[in-house]
>>> print(open('start-v1.pdb').read())   # PDB, C-alpha atoms and all ligand atoms
ATOM      1  CA  MET T   1      85.673 235.793  87.878
ATOM      2  CA  ASN T   2      87.372 233.896  85.072
ATOM      3  CA  LYS T   3      85.857 230.772  83.675
ATOM      4  CA  ILE T   4      87.837 227.832  82.341
ATOM      5  CA  SER T   5      86.101 225.517  79.890
ATOM      6  CA  LEU T   6      87.389 222.042  79.236
ATOM      7  CA  ILE T   7      86.570 220.274  75.973
ATOM      8  CA  VAL T   8      86.798 216.519  76.285
ATOM      9  CA  PRO T   9      86.106 214.395  73.181
ATOM     10  CA  CYS T  10      84.851 210.956  74.156
ATOM     11  CA  TYR T  11      84.379 207.898  72.017
ATOM     12  CA  ASN T  12      83.653 204.735  74.001
ATOM     13  CA  GLU T  13      85.321 206.068  77.130
ATOM     14  CA  GLU T  14      82.885 204.805  79.784
ATOM     15  CA  ALA T  15      85.748 203.601  81.986
ATOM     16  CA  ASN T  16      87.515 206.974  81.839
ATOM     17  CA  ILE T  17      84.744 209.525  82.480
ATOM     18  CA  LYS T  18      84.721 209.217  86.270
ATOM     19  CA  PRO T  19      88.538 208.965  86.686
ATOM     20  CA  PHE T  20      88.894 211.980  84.398
ATOM     21  CA  TYR T  21      86.367 213.993  86.391
ATOM     22  CA  ASN T  22      88.056 213.004  89.655
ATOM     23  CA  ALA T  23      91.467 214.004  88.326
ATOM     24  CA  ILE T  24      90.169 217.431  87.336
ATOM     25  CA  MET T  25      88.406 217.933  90.656
ATOM     26  CA  GLU T  26      91.527 216.943  92.552
ATOM     27  CA  ILE T  27      93.424 219.713  90.783
ATOM     28  CA  TYR T  28      90.599 222.194  91.193
ATOM     29  CA  THR T  29      90.011 221.655  94.895
ATOM     30  CA  GLY T  30      93.630 220.842  95.679
ATOM     31  CA  GLY T  31      94.548 224.518  95.649
ATOM     32  CA  GLY T  32      96.517 223.905  92.473
ATOM     33  CA  GLY T  33      96.167 227.374  91.029
ATOM     34  CA  ILE T  34      93.010 227.168  88.953
ATOM     35  CA  ASN T  35      90.514 227.497  91.802
ATOM     36  CA  ASP T  36      90.266 231.263  91.320
ATOM     37  CA  ALA T  37      88.200 230.446  88.234
ATOM     38  CA  ASP T  38      84.834 228.889  87.466
ATOM     39  CA  LEU T  39      84.809 225.583  85.660
ATOM     40  CA  GLU T  40      82.842 224.187  82.742
ATOM     41  CA  LEU T  41      83.403 220.589  81.681
ATOM     42  CA  MET T  42      82.179 220.135  78.125
ATOM     43  CA  PHE T  43      82.198 216.465  77.250
ATOM     44  CA  VAL T  44      81.572 215.752  73.582
ATOM     45  CA  ASN T  45      80.131 212.291  73.164
ATOM     46  CA  ASP T  46      81.216 211.235  69.690
ATOM     47  CA  GLY T  47      78.578 208.566  69.088
ATOM     48  CA  SER T  48      79.865 206.183  71.751
ATOM     49  CA  LYS T  49      78.361 202.714  71.658
ATOM     50  CA  ASP T  50      79.019 202.026  75.336
ATOM     51  CA  ASN T  51      77.718 203.798  78.446
ATOM     52  CA  THR T  52      79.760 206.974  78.024
ATOM     53  CA  LEU T  53      76.683 209.186  77.723
ATOM     54  CA  GLN T  54      75.026 207.645  80.797
ATOM     55  CA  LYS T  55      78.211 208.233  82.805
ATOM     56  CA  ILE T  56      78.316 211.865  81.709
ATOM     57  CA  ARG T  57      74.634 212.315  82.539
ATOM     58  CA  ALA T  58      75.179 210.846  86.001
ATOM     59  CA  LEU T  59      77.968 213.365  86.598
ATOM     60  CA  HIS T  60      75.788 216.207  85.328
ATOM     61  CA  GLU T  61      73.058 215.310  87.818
ATOM     62  CA  LYS T  62      75.539 215.743  90.663
ATOM     63  CA  ASP T  63      77.488 218.631  89.225
ATOM     64  CA  SER T  64      75.870 221.157  86.887
ATOM     65  CA  ARG T  65      79.278 222.306  85.657
ATOM     66  CA  VAL T  66      79.363 219.071  83.666
ATOM     67  CA  LYS T  67      77.813 219.602  80.231
ATOM     68  CA  CYS T  68      77.629 217.486  77.146
ATOM     69  CA  VAL T  69      77.135 217.696  73.423
ATOM     70  CA  SER T  70      76.201 214.288  72.108
ATOM     71  CA  PHE T  71      76.498 213.377  68.402
ATOM     72  CA  SER T  72      73.939 211.318  66.523
ATOM     73  CA  ARG T  73      76.765 208.950  65.486
ATOM     74  CA  ASN T  74      80.551 208.807  65.437
ATOM     75  CA  PHE T  75      81.907 211.783  63.488
ATOM     76  CA  GLY T  76      85.545 211.610  64.571
ATOM     77  CA  LYS T  77      87.701 213.515  67.013
ATOM     78  CA  GLU T  78      88.122 216.603  64.804
ATOM     79  CA  ALA T  79      84.360 217.070  64.644
ATOM     80  CA  ALA T  80      84.153 216.545  68.405
ATOM     81  CA  LEU T  81      86.768 219.217  69.079
ATOM     82  CA  PHE T  82      84.964 221.721  66.862
ATOM     83  CA  ALA T  83      81.576 220.954  68.376
ATOM     84  CA  GLY T  84      83.189 221.702  71.735
ATOM     85  CA  ILE T  85      84.655 224.942  70.407
ATOM     86  CA  ARG T  86      81.232 226.072  69.208
ATOM     87  CA  ASN T  87      79.556 225.314  72.531
ATOM     88  CA  VAL T  88      81.868 226.458  75.322
ATOM     89  CA  THR T  89      81.432 229.726  77.150
ATOM     90  CA  GLY T  90      84.690 230.091  79.112
ATOM     91  CA  ASP T  91      87.184 232.956  79.046
ATOM     92  CA  CYS T  92      89.755 230.347  78.172
ATOM     93  CA  THR T  93      89.287 226.813  76.927
ATOM     94  CA  VAL T  94      91.474 223.761  77.353
ATOM     95  CA  LEU T  95      91.113 220.786  75.014
ATOM     96  CA  LEU T  96      92.265 217.437  76.352
ATOM     97  CA  ASP T  97      91.688 213.719  75.880
ATOM     98  CA  ALA T  98      89.389 211.724  78.129
ATOM     99  CA  ASP T  99      91.873 208.872  78.540
ATOM    100  CA  LEU T 100      94.180 210.951  80.799
ATOM    101  CA  GLN T 101      97.032 210.718  78.286
ATOM    102  CA  HIS T 102      97.145 214.497  78.446
ATOM    103  CA  PRO T 103      98.105 214.870  82.117
ATOM    104  CA  PRO T 104      95.471 217.235  83.588
ATOM    105  CA  PHE T 105      97.870 218.963  86.019
ATOM    106  CA  VAL T 106      99.575 220.587  83.021
ATOM    107  CA  LEU T 107      96.506 222.762  82.545
ATOM    108  CA  VAL T 108      97.490 224.632  85.699
ATOM    109  CA  GLU T 109     100.647 225.783  83.939
ATOM    110  CA  MET T 110      98.661 226.585  80.795
ATOM    111  CA  TYR T 111      96.258 228.679  82.832
ATOM    112  CA  LYS T 112      99.173 230.552  84.398
ATOM    113  CA  LYS T 113     100.530 231.371  80.933
ATOM    114  CA  TRP T 114      97.084 232.561  79.885
ATOM    115  CA  LYS T 115      96.956 234.911  82.879
ATOM    116  CA  GLU T 116     100.350 236.242  81.764
ATOM    117  CA  GLY T 117      98.620 237.278  78.550
ATOM    118  CA  TYR T 118      99.222 234.409  76.112
ATOM    119  CA  GLU T 119      96.266 233.564  73.898
ATOM    120  CA  VAL T 120      97.288 230.139  72.584
ATOM    121  CA  VAL T 121      99.188 227.770  74.856
ATOM    122  CA  GLU T 122     100.387 224.717  72.964
ATOM    123  CA  GLY T 123     100.986 221.462  74.760
ATOM    124  CA  VAL T 124     104.099 219.924  73.238
ATOM    125  CA  LYS T 125     104.997 216.293  73.828
ATOM    126  CA  SER T 126     108.408 215.938  75.416
ATOM    127  CA  ASN T 127     108.232 212.258  74.549
ATOM    128  CA  ARG T 128     106.055 210.590  71.966
ATOM    129  CA  GLY T 129     105.042 207.604  74.084
ATOM    130  CA  LYS T 130     105.508 204.115  72.716
ATOM    131  CA  GLU T 131     105.604 204.042  68.912
ATOM    132  CA  GLY T 132     106.916 201.600  66.327
ATOM    133  CA  LEU T 133     109.610 202.414  63.758
ATOM    134  CA  PHE T 134     107.089 202.702  60.913
ATOM    135  CA  HIS T 135     104.929 205.040  62.971
ATOM    136  CA  LYS T 136     107.963 207.215  63.835
ATOM    137  CA  LEU T 137     109.038 207.485  60.191
ATOM    138  CA  PHE T 138     105.506 208.168  59.070
ATOM    139  CA  THR T 139     104.941 210.963  61.601
ATOM    140  CA  LYS T 140     108.298 212.495  60.656
ATOM    141  CA  VAL T 141     107.364 212.823  56.972
ATOM    142  CA  PHE T 142     103.836 213.919  57.837
ATOM    143  CA  TYR T 143     104.818 216.643  60.303
ATOM    144  CA  GLY T 144     107.623 217.751  57.981
ATOM    145  CA  MET T 145     105.049 218.516  55.294
ATOM    146  CA  ILE T 146     102.524 220.119  57.612
ATOM    147  CA  SER T 147     105.180 222.215  59.383
ATOM    148  CA  LYS T 148     106.268 223.575  56.023
ATOM    149  CA  ALA T 149     102.710 224.343  54.981
ATOM    150  CA  VAL T 150     101.845 226.124  58.228
ATOM    151  CA  GLY T 151     105.265 227.735  58.495
ATOM    152  CA  MET T 152     105.863 226.520  62.024
ATOM    153  CA  ASP T 153     107.500 223.564  63.679
ATOM    154  CA  MET T 154     104.684 221.182  64.453
ATOM    155  CA  LYS T 155     106.810 218.216  65.433
ATOM    156  CA  ASN T 156     105.533 216.786  68.728
ATOM    157  CA  SER T 157     102.571 219.124  68.775
ATOM    158  CA  SER T 158      99.322 217.684  70.034
ATOM    159  CA  ASP T 159      95.667 218.522  70.525
ATOM    160  CA  TYR T 160      96.342 219.448  74.161
ATOM    161  CA  LYS T 161      95.969 223.225  74.100
ATOM    162  CA  LEU T 162      94.618 226.220  75.897
ATOM    163  CA  LEU T 163      92.848 228.830  73.782
ATOM    164  CA  ASP T 164      91.673 232.280  74.729
ATOM    165  CA  LYS T 165      88.011 233.022  74.031
ATOM    166  CA  LYS T 166      89.056 235.284  71.143
ATOM    167  CA  VAL T 167      90.780 232.337  69.479
ATOM    168  CA  VAL T 168      87.829 230.056  70.200
ATOM    169  CA  ALA T 169      85.518 232.600  68.560
ATOM    170  CA  GLU T 170      87.700 232.705  65.422
ATOM    171  CA  LEU T 171      87.904 228.918  65.162
ATOM    172  CA  ALA T 172      84.148 228.634  65.684
ATOM    173  CA  LYS T 173      83.637 230.829  62.616
ATOM    174  CA  LEU T 174      85.509 228.489  60.252
ATOM    175  CA  LYS T 175      83.235 227.040  57.608
ATOM    176  CA  GLU T 176      85.442 224.217  56.341
ATOM    177  CA  ARG T 177      84.357 220.770  57.410
ATOM    178  CA  ASN T 178      87.652 219.011  56.751
ATOM    179  CA  THR T 179      89.476 220.515  59.676
ATOM    180  CA  PHE T 180      92.865 219.817  61.178
ATOM    181  CA  PHE T 181      92.639 221.391  64.595
ATOM    182  CA  ARG T 182      96.300 221.036  65.498
ATOM    183  CA  ALA T 183      97.410 223.073  62.497
ATOM    184  CA  LEU T 184      94.468 225.503  62.526
ATOM    185  CA  SER T 185      95.370 226.623  66.023
ATOM    186  CA  PHE T 186      98.735 227.714  64.550
ATOM    187  CA  TRP T 187      97.109 229.186  61.500
ATOM    188  CA  VAL T 188      94.853 231.610  63.411
ATOM    189  CA  GLY T 189      97.863 233.445  64.804
ATOM    190  CA  PHE T 190      97.583 235.272  68.185
ATOM    191  CA  LYS T 191     100.122 235.380  70.984
ATOM    192  CA  LYS T 192     101.541 231.907  71.499
ATOM    193  CA  THR T 193     103.641 229.997  73.911
ATOM    194  CA  THR T 194     104.295 226.348  74.670
ATOM    195  CA  VAL T 195     104.364 224.084  77.686
ATOM    196  CA  TYR T 196     105.926 220.640  77.656
ATOM    197  CA  TYR T 197     104.327 217.509  78.985
ATOM    198  CA  GLU T 198     104.981 213.796  79.017
ATOM    199  CA  VAL T 199     102.400 211.664  77.265
ATOM    200  CA  ALA T 200     100.964 209.320  79.872
ATOM    201  CA  GLU T 201      99.815 205.765  79.307
ATOM    202  CA  ARG T 202      96.140 205.432  78.427
ATOM    203  CA  ALA T 203      94.168 205.064  81.697
ATOM    204  CA  ASN T 204      91.520 202.585  80.499
ATOM    205  CA  GLY T 205      90.381 201.051  77.226
ATOM    206  CA  THR T 206      92.270 201.069  73.941
ATOM    207  CA  SER T 207      93.292 203.652  71.367
ATOM    208  CA  LYS T 208      90.619 204.388  68.778
ATOM    209  CA  TRP T 209      93.171 204.708  65.983
ATOM    210  CA  SER T 210      94.015 201.890  63.619
ATOM    211  CA  THR T 211      96.909 202.184  61.159
ATOM    212  CA  LYS T 212      94.334 202.577  58.397
ATOM    213  CA  SER T 213      92.511 205.414  60.147
ATOM    214  CA  LEU T 214      95.839 207.116  60.915
ATOM    215  CA  ILE T 215      96.886 207.020  57.258
ATOM    216  CA  LYS T 216      93.499 208.386  56.223
ATOM    217  CA  TYR T 217      93.792 211.118  58.851
ATOM    218  CA  ALA T 218      97.282 212.035  57.650
ATOM    219  CA  ILE T 219      96.278 212.202  53.964
ATOM    220  CA  ASN T 220      93.242 214.311  54.831
ATOM    221  CA  ASN T 221      95.323 216.741  56.831
ATOM    222  CA  VAL T 222      98.064 217.078  54.249
ATOM    223  CA  ILE T 223      95.411 217.802  51.610
ATOM    224  CA  CYS T 224      93.725 220.215  53.995
ATOM    225  CA  PHE T 225      96.863 222.243  54.627
ATOM    226  CA  SER T 226      99.395 221.659  51.894
ATOM    227  CA  TYR T 227      99.675 221.882  48.116
ATOM    228  CA  ALA T 228     103.044 220.101  48.235
ATOM    229  CA  PRO T 229     101.696 216.894  46.619
ATOM    230  CA  LEU T 230     100.511 218.894  43.609
ATOM    231  CA  HIS T 231     103.896 220.603  43.315
ATOM    232  CA  ILE T 232     105.639 217.236  43.559
ATOM    233  CA  VAL T 233     103.395 215.902  40.807
ATOM    234  CA  THR T 234     104.289 218.859  38.587
ATOM    235  CA  ALA T 235     107.992 218.376  39.276
ATOM    236  CA  VAL T 236     107.795 214.655  38.463
ATOM    237  CA  GLY T 237     105.958 215.513  35.233
ATOM    238  CA  CYS T 238     108.755 217.924  34.265
ATOM    239  CA  VAL T 239     111.416 215.283  34.944
ATOM    240  CA  PHE T 240     109.560 212.780  32.739
ATOM    241  CA  THR T 241     109.273 215.335  29.962
ATOM    242  CA  ILE T 242     112.995 216.106  30.112
ATOM    243  CA  ILE T 243     113.838 212.374  29.993
ATOM    244  CA  GLY T 244     111.444 212.007  27.047
ATOM    245  CA  ILE T 245     113.145 214.852  25.171
ATOM    246  CA  GLY T 246     116.537 213.256  25.903
ATOM    247  CA  VAL T 247     115.368 209.934  24.516
ATOM    248  CA  ALA T 248     113.928 211.643  21.418
ATOM    249  CA  VAL T 249     117.189 213.465  20.762
ATOM    250  CA  ASP T 250     119.068 210.195  21.202
ATOM    251  CA  ALA T 251     116.749 208.478  18.732
ATOM    252  CA  LEU T 252     117.197 211.295  16.168
ATOM    253  CA  ILE T 253     120.994 211.142  16.483
ATOM    254  CA  SER T 254     120.856 207.365  16.057
ATOM    255  CA  PHE T 255     118.666 207.833  12.983
ATOM    256  CA  PHE T 256     120.933 210.354  11.298
ATOM    257  CA  THR T 257     124.166 208.509  12.123
ATOM    258  CA  GLY T 258     122.607 205.425  10.553
ATOM    259  CA  LYS T 259     122.643 203.305  13.727
ATOM    260  CA  ALA T 260     119.607 201.167  14.562
ATOM    261  CA  ALA T 261     117.219 202.742  17.076
ATOM    262  CA  SER T 262     117.739 201.506  20.679
ATOM    263  CA  GLY T 263     115.832 198.448  21.784
ATOM    264  CA  PHE T 264     112.246 197.557  22.348
ATOM    265  CA  PRO T 265     112.666 196.998  26.162
ATOM    266  CA  THR T 266     113.615 200.654  26.581
ATOM    267  CA  LEU T 267     110.372 201.612  24.924
ATOM    268  CA  VAL T 268     108.339 199.344  27.189
ATOM    269  CA  CYS T 269     110.066 200.747  30.293
ATOM    270  CA  ILE T 270     109.485 204.326  29.289
ATOM    271  CA  THR T 271     105.846 203.639  28.462
ATOM    272  CA  LEU T 272     105.220 201.883  31.768
ATOM    273  CA  ILE T 273     106.994 204.501  33.873
ATOM    274  CA  GLY T 274     105.240 207.260  31.953
ATOM    275  CA  PHE T 275     101.811 205.723  32.425
ATOM    276  CA  GLY T 276     102.520 204.935  36.068
ATOM    277  CA  GLY T 277     103.524 208.542  36.635
ATOM    278  CA  VAL T 278     100.400 209.876  34.957
ATOM    279  CA  MET T 279      98.170 207.546  36.971
ATOM    280  CA  VAL T 280      99.736 208.594  40.275
ATOM    281  CA  CYS T 281      99.381 212.259  39.321
ATOM    282  CA  LEU T 282      95.746 211.776  38.422
ATOM    283  CA  GLY T 283      95.212 210.000  41.724
ATOM    284  CA  ILE T 284      96.688 212.869  43.718
ATOM    285  CA  ILE T 285      94.678 215.446  41.800
ATOM    286  CA  GLY T 286      91.625 213.245  42.324
ATOM    287  CA  VAL T 287      92.082 213.339  46.087
ATOM    288  CA  TYR T 288      92.051 217.128  46.007
ATOM    289  CA  ILE T 289      88.963 217.152  43.802
ATOM    290  CA  ALA T 290      87.229 214.724  46.162
ATOM    291  CA  GLN T 291      87.967 217.082  48.998
ATOM    292  CA  ILE T 292      86.611 220.041  47.019
ATOM    293  CA  TYR T 293      83.484 218.006  46.264
ATOM    294  CA  ASP T 294      83.121 217.266  49.960
ATOM    295  CA  GLU T 295      83.375 220.936  50.889
ATOM    296  CA  VAL T 296      81.028 222.047  48.108
ATOM    297  CA  LYS T 297      78.313 219.679  49.282
ATOM    298  CA  GLY T 298      78.473 221.625  52.508
ATOM    299  CA  ARG T 299      77.204 218.868  54.765
ATOM    300  CA  PRO T 300      77.693 219.696  58.418
ATOM    301  CA  GLN T 301      80.812 218.377  60.123
ATOM    302  CA  TYR T 302      78.663 216.720  62.786
ATOM    303  CA  ILE T 303      75.052 216.329  63.861
ATOM    304  CA  ILE T 304      74.119 216.940  67.472
ATOM    305  CA  GLY T 305      71.600 214.438  68.770
ATOM    306  CA  GLU T 306      71.288 215.826  72.264
ATOM    307  CA  LYS T 307      72.670 218.524  74.529
ATOM    308  CA  ILE T 308      73.016 218.329  78.302
ATOM    309  CA  GLU T 309      73.337 221.831  79.726
TER     310      GLU T 309
HETATM  311  N1  LIG R   1      88.011 210.217  70.101
HETATM  312  C1  LIG R   1      86.805 210.744  69.614
HETATM  313  N2  LIG R   1      86.299 210.266  68.434
HETATM  314  C2  LIG R   1      86.938 209.301  67.710
HETATM  315  C3  LIG R   1      88.161 208.796  68.201
HETATM  316  C4  LIG R   1      88.664 209.289  69.397
HETATM  317  O1  LIG R   1      86.208 211.620  70.231
HETATM  318  O2  LIG R   1      86.424 208.905  66.660
HETATM  319  C5  LIG R   1      88.555 210.727  71.385
HETATM  320  C6  LIG R   1      88.868 209.650  72.395
HETATM  321  O3  LIG R   1      87.742 209.303  73.174
HETATM  322  C7  LIG R   1      89.965 210.295  73.230
HETATM  323  C8  LIG R   1      90.676 211.174  72.212
HETATM  324  O4  LIG R   1      89.762 211.368  71.133
HETATM  325  O5  LIG R   1      89.450 211.109  74.257
HETATM  326  C9  LIG R   1      91.959 210.551  71.719
HETATM  327  O6  LIG R   1      91.679 209.271  71.178
HETATM  328  P1  LIG R   1      92.649 208.031  71.396
HETATM  329  O7  LIG R   1      93.092 207.951  72.814
HETATM  330  O8  LIG R   1      91.950 206.831  70.864
HETATM  331  O9  LIG R   1      93.860 208.407  70.452
HETATM  332  P2  LIG R   1      95.422 208.308  70.789
HETATM  333  O10 LIG R   1      95.623 208.889  72.148
HETATM  334  O11 LIG R   1      95.748 206.865  70.741
HETATM  335  O12 LIG R   1      96.067 209.121  69.709
HETATM  336 MG    MG R   2      94.723 208.392  73.806
END
>>> encode(input="start-v1.pdb", output="structure tokens")
Amino acid sequence: MNKISLIVPCYNEEANIKPFYNAIMEIYTGGGGINDADLELMFVNDGSKDNTLQKIRALHEKDSRVKCVSFSRNFGKEAALFAGIRNVTGDCTVLLDADLQHPPFVLVEMYKKWKEGYEVVEGVKSNRGKEGLFHKLFTKVFYGMISKAVGMDMKNSSDYKLLDKKVVAELAKLKERNTFFRALSFWVGFKKTTVYYEVAERANGTSKWSTKSLIKYAINNVICFSYAPLHIVTAVGCVFTIIGIGVAVDALISFFTGKAASGFPTLVCITLIGFGGVMVCLGIIGVYIAQIYDEVKGRPQYIIGEKIE
């Protein structure tokens, strides 16, 4: 008999644990096409400060298929996903949010694709939910860069995915701690297909992402997957050098034709732009070095405080 594992990252989701469980059970017992398999519900409690863990424990007491890995503090969703990946035992694994924004019935279709032989089933958003103009623009640039780095169209991709146990095993082996799950699941290869779904409204509570944390997340992921910023820096440096040579030639011509050298303001502009450019370049290189430093220290991506099995 096949076994489906679900990985559910939870950070302050006390109001969603029970509704989530009920939604899954409704699909499972409703003859919806996954009841030929065993289930394993792996909640990952990402250092919630509310009663999330108690709610999960209460479910576990009634239903032993409910399991939990609980972090010692909040380590972020990426860490939660990878802790799940390293602890599930299913033949296939579905990763989905606790807030029911990833409609659970879609996993039936994912499971069907898996039985057809696909090893990675990507959930792709057919809409992006409600987002502001800035957010839209930002995600466009961000996914443009990542798509190029990974060599695949990642626009509208999400963390809602089904992975075969072979893929889970490969991802579990990764040693890097600065992970970007969405892109890594492309990176590993294997036989892929996609299913489309509409992002639902959050069931209860609020999103855990602030604009600041989103920007940090985006920078981290670009650094993690792309060298484009370093190439851009090099290109900008070349442009500055060429301009500098042009200005020098101009100054020499002026000197030999006996004209006065061009004005002081030009000099100030060039100096400021030049310095600005160098500073930005150093900053970008610094971010990469910081990331290297982080990886070299080799601290674990998360610390497990408790396991409920
Ligand atoms: N999450 C987590 N750790 C965090 C932030 C979020 O495990 O530090 C979980 C959260 O409980 C939810 C999922 O990741 O199940 C998606 O988070 P959220 O709904 O806040 O993000 P959004 O849907 O707004 O992108
Ligand atoms: Mg959400």
>>> closest_residue(input="start-v1.pdb", among="T:Asn221, T:Gly123, T:Phe134, T:Thr241", to="Val199 (chain T)", atoms="only C-alpha atoms")
T:Gly123
>>> closest_residue(input="start-v1.pdb", among="T:Ala169, T:Val66, T:Val120, T:Ala200", to="ligand LIG 1 (chain R)", atoms="all atoms listed in the file")
T:Ala200
>>> residues_around(input="start-v1.pdb", residues="Ile27 (chain T)", least_positions_apart="6", cutoff="8 Å", atoms="only C-alpha atoms", output="MDAnalysis selection string")
chainID T and resid 34 104:105
>>> residues_near_point(input="start-v1.pdb", point="(86.8, 229.5, 80.2)", cutoff="8 Å", atoms="all atoms listed in the file", output="JSON, numbers by chain")
{"T": [2, 3, 4, 5, 6, 38, 39, 40, 88, 89, 90, 91, 92, 93, 94, 164, 165]}
>>> closest_residue(input="start-v1.pdb", among="T:Thr139, T:Ser207, T:Ser147, T:Asn51", to="ligand MG 2 (chain R)", atoms="all atoms listed in the file")
T:Ser207
>>> atom_distance(input="start-v1.pdb", atom1="CA of Pro229 (chain T)", atom2="atom O10 of ligand LIG 1 (chain R)")
27.4 Å
>>> residues_near_ligand(input="start-v1.pdb", ligand="ligand MG 2 (chain R)", cutoff="8 Å", atoms="all atoms listed in the file", output="ChimeraX atom specification")
/T:97-101,201-202,206-208
>>> write_last_selection(input="start-v1.pdb", atoms="C-alpha atoms", output="compact mmCIF listing (two decimals), keeping the file's coordinate frame")
# COMPACT_ATOMS: atom_id res chain seq x y z
CA ASP T 97 91.69 213.72 75.88
CA ALA T 98 89.39 211.72 78.13
CA ASP T 99 91.87 208.87 78.54
CA LEU T 100 94.18 210.95 80.80
CA GLN T 101 97.03 210.72 78.29
CA GLU T 201 99.82 205.76 79.31
CA ARG T 202 96.14 205.43 78.43
CA THR T 206 92.27 201.07 73.94
CA SER T 207 93.29 203.65 71.37
CA LYS T 208 90.62 204.39 68.78
>>> resolve_selection(input="start-v1.pdb", expression="the PyMOL selection byres (((chain T and resi 81) around 8) and not hetatm)", output="PyMOL selection string")
chain T and resi 7-9+44+77-80+82-85+95+181
>>> resolve_selection(input="start-v1.pdb", expression="the PyMOL selection byres (((chain T and resi 193) around 9) and not hetatm)", output="PDB file with C-alpha atoms, in the coordinates of the input")
ATOM      1  CA  LYS T 113     100.530 231.371  80.933  1.00  0.00           C
ATOM      2  CA  TYR T 118      99.222 234.409  76.112  1.00  0.00           C
ATOM      3  CA  GLU T 119      96.266 233.564  73.898  1.00  0.00           C
ATOM      4  CA  VAL T 120      97.288 230.139  72.584  1.00  0.00           C
ATOM      5  CA  VAL T 121      99.188 227.770  74.856  1.00  0.00           C
ATOM      6  CA  GLU T 122     100.387 224.717  72.964  1.00  0.00           C
ATOM      7  CA  GLY T 123     100.986 221.462  74.760  1.00  0.00           C
ATOM      8  CA  LYS T 191     100.122 235.380  70.984  1.00  0.00           C
ATOM      9  CA  LYS T 192     101.541 231.907  71.499  1.00  0.00           C
ATOM     10  CA  THR T 194     104.295 226.348  74.670  1.00  0.00           C
ATOM     11  CA  VAL T 195     104.364 224.084  77.686  1.00  0.00           C
TER      12      VAL T 195
END
>>> resolve_selection(input="start-v1.pdb", expression="the PyMOL selection byres (((chain T and resi 187) around 10) and not hetatm)", output="list in words")
Ala149, Val150, Gly151, Met152, Leu171, Phe181, Arg182, Ala183, Leu184, Ser185, Phe186, Val188, Gly189, Phe190 and Phe225 of chain T
>>> write_last_selection(input="start-v1.pdb", atoms="C-alpha atoms", output="PDB file, keeping the file's coordinate frame")
ATOM      1  CA  ALA T 149     102.710 224.343  54.981  1.00  0.00           C
ATOM      2  CA  VAL T 150     101.845 226.124  58.228  1.00  0.00           C
ATOM      3  CA  GLY T 151     105.265 227.735  58.495  1.00  0.00           C
ATOM      4  CA  MET T 152     105.863 226.520  62.024  1.00  0.00           C
ATOM      5  CA  LEU T 171      87.904 228.918  65.162  1.00  0.00           C
ATOM      6  CA  PHE T 181      92.639 221.391  64.595  1.00  0.00           C
ATOM      7  CA  ARG T 182      96.300 221.036  65.498  1.00  0.00           C
ATOM      8  CA  ALA T 183      97.410 223.073  62.497  1.00  0.00           C
ATOM      9  CA  LEU T 184      94.468 225.503  62.526  1.00  0.00           C
ATOM     10  CA  SER T 185      95.370 226.623  66.023  1.00  0.00           C
ATOM     11  CA  PHE T 186      98.735 227.714  64.550  1.00  0.00           C
ATOM     12  CA  VAL T 188      94.853 231.610  63.411  1.00  0.00           C
ATOM     13  CA  GLY T 189      97.863 233.445  64.804  1.00  0.00           C
ATOM     14  CA  PHE T 190      97.583 235.272  68.185  1.00  0.00           C
ATOM     15  CA  PHE T 225      96.863 222.243  54.627  1.00  0.00           C
TER      16      PHE T 225
END
>>> closest_residue(input="start-v1.pdb", among="T:Leu214, T:Met1, T:Leu267, T:Val108", to="ligand LIG 1 (chain R)", atoms="only C-alpha atoms and all ligand atoms")
T:Leu214
>>> axis_aligned_box(input="start-v1.pdb", around="ligand LIG 1 (chain R)", padding_each_side="3 Å", output="JSON")
{"center_x": 91.1, "center_y": 209.2, "center_z": 70.5, "size_x": 15.9, "size_y": 10.8, "size_z": 13.6}
>>> atom_distance(input="start-v1.pdb", atom1="CA of Tyr288 (chain T)", atom2="CA of Leu133 (chain T)")
29.0 Å
>>> atom_distance(input="start-v1.pdb", atom1="CA of Trp114 (chain T)", atom2="CA of Leu163 (chain T)")
8.3 Å
>>> closest_residue(input="start-v1.pdb", among="T:Tyr21, T:Arg86, T:Ile270, T:Ile223", to="Gly246 (chain T)", atoms="all atoms listed in the file")
T:Ile270
>>> closest_residue(input="start-v1.pdb", among="T:Val247, T:Cys224, T:Ala15, T:Cys269", to="ligand LIG 1 (chain R)", atoms="only C-alpha atoms and all ligand atoms")
T:Ala15
>>> residues_around(input="start-v1.pdb", residues="Gly76 (chain T)", least_positions_apart="5", cutoff="12 Å", atoms="all atoms listed in the file", output="number ranges by chain")
T: 9-12, 44-48, 71, 81-83, 177-180, 208-209, 213-214, 216-217, 301-303
>>> write_last_selection(input="start-v1.pdb", atoms="C-alpha atoms", output="short mmCIF file (atom, residue, chain, number, x, y, z; two decimals), in the coordinates of the input")
data_model
loop_
_atom_site.label_atom_id
_atom_site.label_comp_id
_atom_site.auth_asym_id
_atom_site.auth_seq_id
_atom_site.Cartn_x
_atom_site.Cartn_y
_atom_site.Cartn_z
CA PRO T 9 86.11 214.40 73.18
CA CYS T 10 84.85 210.96 74.16
CA TYR T 11 84.38 207.90 72.02
CA ASN T 12 83.65 204.74 74.00
CA VAL T 44 81.57 215.75 73.58
CA ASN T 45 80.13 212.29 73.16
CA ASP T 46 81.22 211.24 69.69
CA GLY T 47 78.58 208.57 69.09
CA SER T 48 79.86 206.18 71.75
CA PHE T 71 76.50 213.38 68.40
CA LEU T 81 86.77 219.22 69.08
CA PHE T 82 84.96 221.72 66.86
CA ALA T 83 81.58 220.95 68.38
CA ARG T 177 84.36 220.77 57.41
CA ASN T 178 87.65 219.01 56.75
CA THR T 179 89.48 220.52 59.68
CA PHE T 180 92.86 219.82 61.18
CA LYS T 208 90.62 204.39 68.78
CA TRP T 209 93.17 204.71 65.98
CA SER T 213 92.51 205.41 60.15
CA LEU T 214 95.84 207.12 60.92
CA LYS T 216 93.50 208.39 56.22
CA TYR T 217 93.79 211.12 58.85
CA GLN T 301 80.81 218.38 60.12
CA TYR T 302 78.66 216.72 62.79
CA ILE T 303 75.05 216.33 63.86
#
